[in-house]
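For reference, the structure discussed in these notes is given below.
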Amino acid sequence: MTQTSRLTLDLDALAANHAVLKAAAGGTEIAPAVKADAYGLGAGLVADRLWAEGARTFYVARLSEGVALRRALGDRSATIHLLDGVTPGSAPTIEAAGLVPVLNSLPQVEAWNAHARGRTLDAVLHVDTGMNRLGLRLEEAQVLVGAMDRLKFLNITQVMSHLACASEPDHPLNARQLARFAEAAALFPNARHSLANSAGIFLGGDYHFDQCRPGISLYGGGPLDAPDARIKTVVTLEASILQTRVVPRGESIGYGATFTATDTTRIAIVAVGYADGVPRAAHPKGKVWFDGARRPILGRVSMDLLAVDVTDCDAARPGAMMQIIGPDLPLDEAAAAAGTTAYELLTRIAPRAERVVKSR
Ligand SMILES: *Cc1c(COP(=O)(O)O)cnc(C)c1O
């Protein structure tokens, strides 16, 4: 064995999750969020497979992501929506790469209209409905409708908004955002309308409109930030044992000597650390899966290494692979143990591990 850590991407599981989300969305268009390199999985790889599964519209955040995705998709006529929108100086590159900007503010609307002058260019309009992140206020959208004869170079193909609390189905902000979005959508009746992310899909049919934009649940995260039986594991991170040792009672393990053995403890030193994306905060609650059980991480996670309790586990030998994230240690559970979310955990997995792609 030459590689001590392995990241397996199961593209068939990705496709299965796509089908689950499509069904849950009542057949509405699924437009995958492939921003941040498809949450670290590889946007080209992911978009290629989801195109084969029928996806035709993709969302990226940064202009550089959009340009790279257009190149990766080659001559396939995918629609790529750019969430950052028209930032200063970006309009020519957006057009050259054939991206559709999401217009987030009145200045962005003006900038894209000015760039389009003499032609008609497509755009998505983002209306903020309560998150107070990007997007026009509803009142601004109302003013905009009255000004569309002046903004004649814009073709608003779609109106979208984003839910702040979709992973908490009972949160009152969901219904408030839905009501405001219905108002925004009615202002542009000929455009397509999109509100739901992964969690939003499971809020019910009222939230589906014409298009849903899942990210995390395509990649294996549950829609409620917890493992979900309907969603399959896409990412498996494994790392091998470099060494085992016996720590006598009273001795400590790792930096800062934060863990002291209260008994004779056999530990495995595993070739994975925070430089691979295992959060330093995975200590003290974090676990890994090995030989049929969850086993606690002992002491601080180092840059390249962590220690695991393997007392009474004969299978723990140098070269054996431990599962850090995967079917037996779900993404959401590993994230929660480290005080973070599946989103942050996935996007921080570093390129050091050997990548293996599983596909039919
Ligand atoms: C990231 C993002 C999504 C996808 O959200 P998930 O929670 O990962 O499903 C959808 N819409 C917008 C605007 C986003 O920024």
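Within each chain, counting starts at residue 1; across the structure tokens, chains are named A, B, ... in the order shown, with ligands numbered 1 upward in that order.
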
Contact check, chain A to ligand 1, at most 6 Å, counting only C-alpha atoms and all ligand atoms, closest pairs as a tab-separated table:
```
residue	atom	partner	partner_atom_place_in_ligand_line	distance
A:Ala33	CA	ligand 1	4 (C)	5.2
A:His162	CA	ligand 1	13 (C)	5.3
A:Asn197	CA	ligand 1	9 (O)	4.0
A:Ser198	CA	ligand 1	9 (O)	3.6
A:Arg213	CA	ligand 1	10 (C)	4.8
A:Pro214	CA	ligand 1	9 (O)	3.6
A:Gly215	CA	ligand 1	8 (O)	3.4
A:Ile216	CA	ligand 1	8 (O)	3.8
```

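With only C-alpha atoms taken into account, the protein and nucleic acid residues at most 10 Å from Asn155 (chain A) (excluding it and anything under 3 positions from it in its own chain) are Asn113, Arg119, Thr120, Leu121, Asp122, Ala123, Val124, Leu125, Met148, Leu151, Lys152, Gln158 and Ala191 of chain A.
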
- Min atom-atom distance to Gln243 (chain A) from the set A:Ala320, A:Tyr255, A:Glu65, A:Leu82, counting only C-alpha atoms, belongs to A:Ala320

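Minimum distance to Ala141 (chain A) across A:Trp289, A:Phe181, A:Tyr59, A:Tyr274 (counting only C-alpha atoms) occurs at A:Phe181.
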
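CA of Val127 (chain A) lies 10.0 Å from CA of Leu195 (chain A).
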
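Remark: for Arg300 (chain A), the closest of the candidate residues A:Ala36, A:Ala282, A:Leu331, A:Ala25 is A:Ala282 (distances computed over only C-alpha atoms).
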
- Query: Could you pull the residues within 10 Å of Leu21 (chain A), counting only C-alpha atoms, minus those fewer than 6 positions along the same chain, as an NGL selection string?
  - Reply: :A and (15 or 27-30 or 198-199 or 201-202 or 212-214 or 217-218 or 230-231)

I need the residues from that last selection saved to file as a PDB file, in the first residue's frame (with N, CA and C atoms), if you can.
```pdb
ATOM      1  N   ALA A  15     -26.184   9.682  -8.097  1.00  0.00           N
ATOM      2  CA  ALA A  15     -27.321   9.556  -9.019  1.00  0.00           C
ATOM      3  C   ALA A  15     -28.572   9.113  -8.269  1.00  0.00           C
ATOM      4  N   GLY A  27     -41.150  15.786  -9.175  1.00  0.00           N
ATOM      5  CA  GLY A  27     -40.778  15.837 -10.579  1.00  0.00           C
ATOM      6  C   GLY A  27     -40.345  17.203 -11.074  1.00  0.00           C
ATOM      7  N   THR A  28     -40.404  18.195 -10.195  1.00  0.00           N
ATOM      8  CA  THR A  28     -39.915  19.541 -10.527  1.00  0.00           C
ATOM      9  C   THR A  28     -38.456  19.465 -10.964  1.00  0.00           C
ATOM     10  N   GLU A  29     -38.023  20.449 -11.769  1.00  0.00           N
ATOM     11  CA  GLU A  29     -36.630  20.462 -12.217  1.00  0.00           C
ATOM     12  C   GLU A  29     -35.671  20.489 -11.028  1.00  0.00           C
ATOM     13  N   ILE A  30     -34.652  19.643 -11.084  1.00  0.00           N
ATOM     14  CA  ILE A  30     -33.581  19.657 -10.081  1.00  0.00           C
ATOM     15  C   ILE A  30     -32.382  20.345 -10.713  1.00  0.00           C
ATOM     16  N   SER A 198     -31.938  21.710  -0.574  1.00  0.00           N
ATOM     17  CA  SER A 198     -32.218  20.305  -0.215  1.00  0.00           C
ATOM     18  C   SER A 198     -33.321  20.218   0.830  1.00  0.00           C
ATOM     19  N   ALA A 199     -33.140  20.925   1.934  1.00  0.00           N
ATOM     20  CA  ALA A 199     -34.114  20.854   3.025  1.00  0.00           C
ATOM     21  C   ALA A 199     -35.462  21.402   2.594  1.00  0.00           C
ATOM     22  N   ILE A 201     -36.912  21.178  -0.196  1.00  0.00           N
ATOM     23  CA  ILE A 201     -37.671  20.187  -0.973  1.00  0.00           C
ATOM     24  C   ILE A 201     -38.600  19.400  -0.050  1.00  0.00           C
ATOM     25  N   PHE A 202     -38.112  19.111   1.167  1.00  0.00           N
ATOM     26  CA  PHE A 202     -38.874  18.267   2.095  1.00  0.00           C
ATOM     27  C   PHE A 202     -39.886  19.062   2.924  1.00  0.00           C
ATOM     28  N   CYS A 212     -35.988  23.230  -8.066  1.00  0.00           N
ATOM     29  CA  CYS A 212     -35.346  23.139  -6.750  1.00  0.00           C
ATOM     30  C   CYS A 212     -33.839  23.069  -6.937  1.00  0.00           C
ATOM     31  N   ARG A 213     -33.101  23.545  -5.914  1.00  0.00           N
ATOM     32  CA  ARG A 213     -31.649  23.698  -6.054  1.00  0.00           C
ATOM     33  C   ARG A 213     -30.902  22.959  -4.950  1.00  0.00           C
ATOM     34  N   PRO A 214     -30.963  21.650  -4.921  1.00  0.00           N
ATOM     35  CA  PRO A 214     -30.281  20.940  -3.835  1.00  0.00           C
ATOM     36  C   PRO A 214     -28.771  20.905  -4.020  1.00  0.00           C
ATOM     37  N   SER A 217     -27.783  17.337  -0.030  1.00  0.00           N
ATOM     38  CA  SER A 217     -28.390  16.003  -0.017  1.00  0.00           C
ATOM     39  C   SER A 217     -28.052  15.203  -1.280  1.00  0.00           C
ATOM     40  N   LEU A 218     -27.605  15.885  -2.332  1.00  0.00           N
ATOM     41  CA  LEU A 218     -27.036  15.142  -3.459  1.00  0.00           C
ATOM     42  C   LEU A 218     -25.753  14.456  -3.009  1.00  0.00           C
ATOM     43  N   ARG A 230     -33.073   7.990   3.533  1.00  0.00           N
ATOM     44  CA  ARG A 230     -33.356   8.110   2.100  1.00  0.00           C
ATOM     45  C   ARG A 230     -32.121   8.532   1.297  1.00  0.00           C
ATOM     46  N   ILE A 231     -31.160   9.130   1.990  1.00  0.00           N
ATOM     47  CA  ILE A 231     -29.996   9.709   1.311  1.00  0.00           C
ATOM     48  C   ILE A 231     -28.795   8.763   1.440  1.00  0.00           C
TER      49      ILE A 231
END
```

- In region 100-278 of chain A, what's strand (DSSP E or B) per DSSP? Answer as a PyMOL selection string? chain A and resi 100-103+121-127+136+154-160+192-194+211-212+235-247+252-253+259-260+265-270

- Measure the distance from CA of Asp12 (chain A) to CA of Lys232 (chain A) in Å and round it to one decimal. 9.4 Å

- Can you list, as a PyMOL selection string, all residues belonging to region 72-308 of chain A that DSSP tags as helix (DSSP H, G or I)? chain A and resi 72-73+91-96+106-116+138-146+172-187+198-201+205-207+255-257+274-276+280-282

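What separates CA of Gly254 (chain A) from CA of Met303 (chain A) is a distance of 11.3 Å.
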
- Message: Ranking A:His283, A:Val234, A:Leu136, A:Ala91 by minimum distance to Val46 (chain A) and counting only C-alpha atoms, which one comes first?
- Response: A:Val234

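Those residues that approach Leu103 (chain A) to within 8 Å, counting only C-alpha atoms, are Leu83, Gly85, Val86, Leu106, Gln108, Val109, Ala123, Val124, Leu125, His126 and Gly135 of chain A; same-chain residues fewer than 3 positions away are not listed.
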
- Message: From the options A:Glu168, A:Asp228, A:Asp206, A:Glu140, which residue's atoms come nearest to Val20 (chain A), counting only C-alpha atoms?
- Response: A:Asp228

- Query: Got a sec: who's within 10 Å of region 94-98 of chain A, counting only C-alpha atoms, leaving out chain neighbours fewer than 6 positions off, as a ChimeraX atom specification?
  - Reply: /A:63-64,66-71,77-82,85-87,112,115-116,121-122

Compile the contact shell of Arg266 (chain A) as a short mmCIF file (atom, residue, chain, number, x, y, z; two decimals) with N, CA, C and O atoms, in the first residue's frame: residues with an atom at most 6 Å away, counting only C-alpha atoms, same-chain residues fewer than 5 positions apart removed.
```cif
data_model
loop_
_atom_site.label_atom_id
_atom_site.label_comp_id
_atom_site.auth_asym_id
_atom_site.auth_seq_id
_atom_site.Cartn_x
_atom_site.Cartn_y
_atom_site.Cartn_z
N ARG A 245 0.27 1.34 19.65
CA ARG A 245 1.12 1.39 20.84
C ARG A 245 0.25 1.24 22.08
O ARG A 245 -0.97 1.42 22.02
N VAL A 246 0.89 0.89 23.17
CA VAL A 246 0.17 0.74 24.42
C VAL A 246 0.57 1.92 25.32
O VAL A 246 1.75 2.17 25.54
N VAL A 310 -8.08 1.51 20.46
CA VAL A 310 -8.30 0.17 19.90
C VAL A 310 -8.03 -0.91 20.95
O VAL A 310 -7.65 -2.04 20.62
N THR A 311 -8.23 -0.54 22.20
CA THR A 311 -8.07 -1.51 23.27
C THR A 311 -8.98 -2.72 22.98
O THR A 311 -10.14 -2.54 22.62
#
```
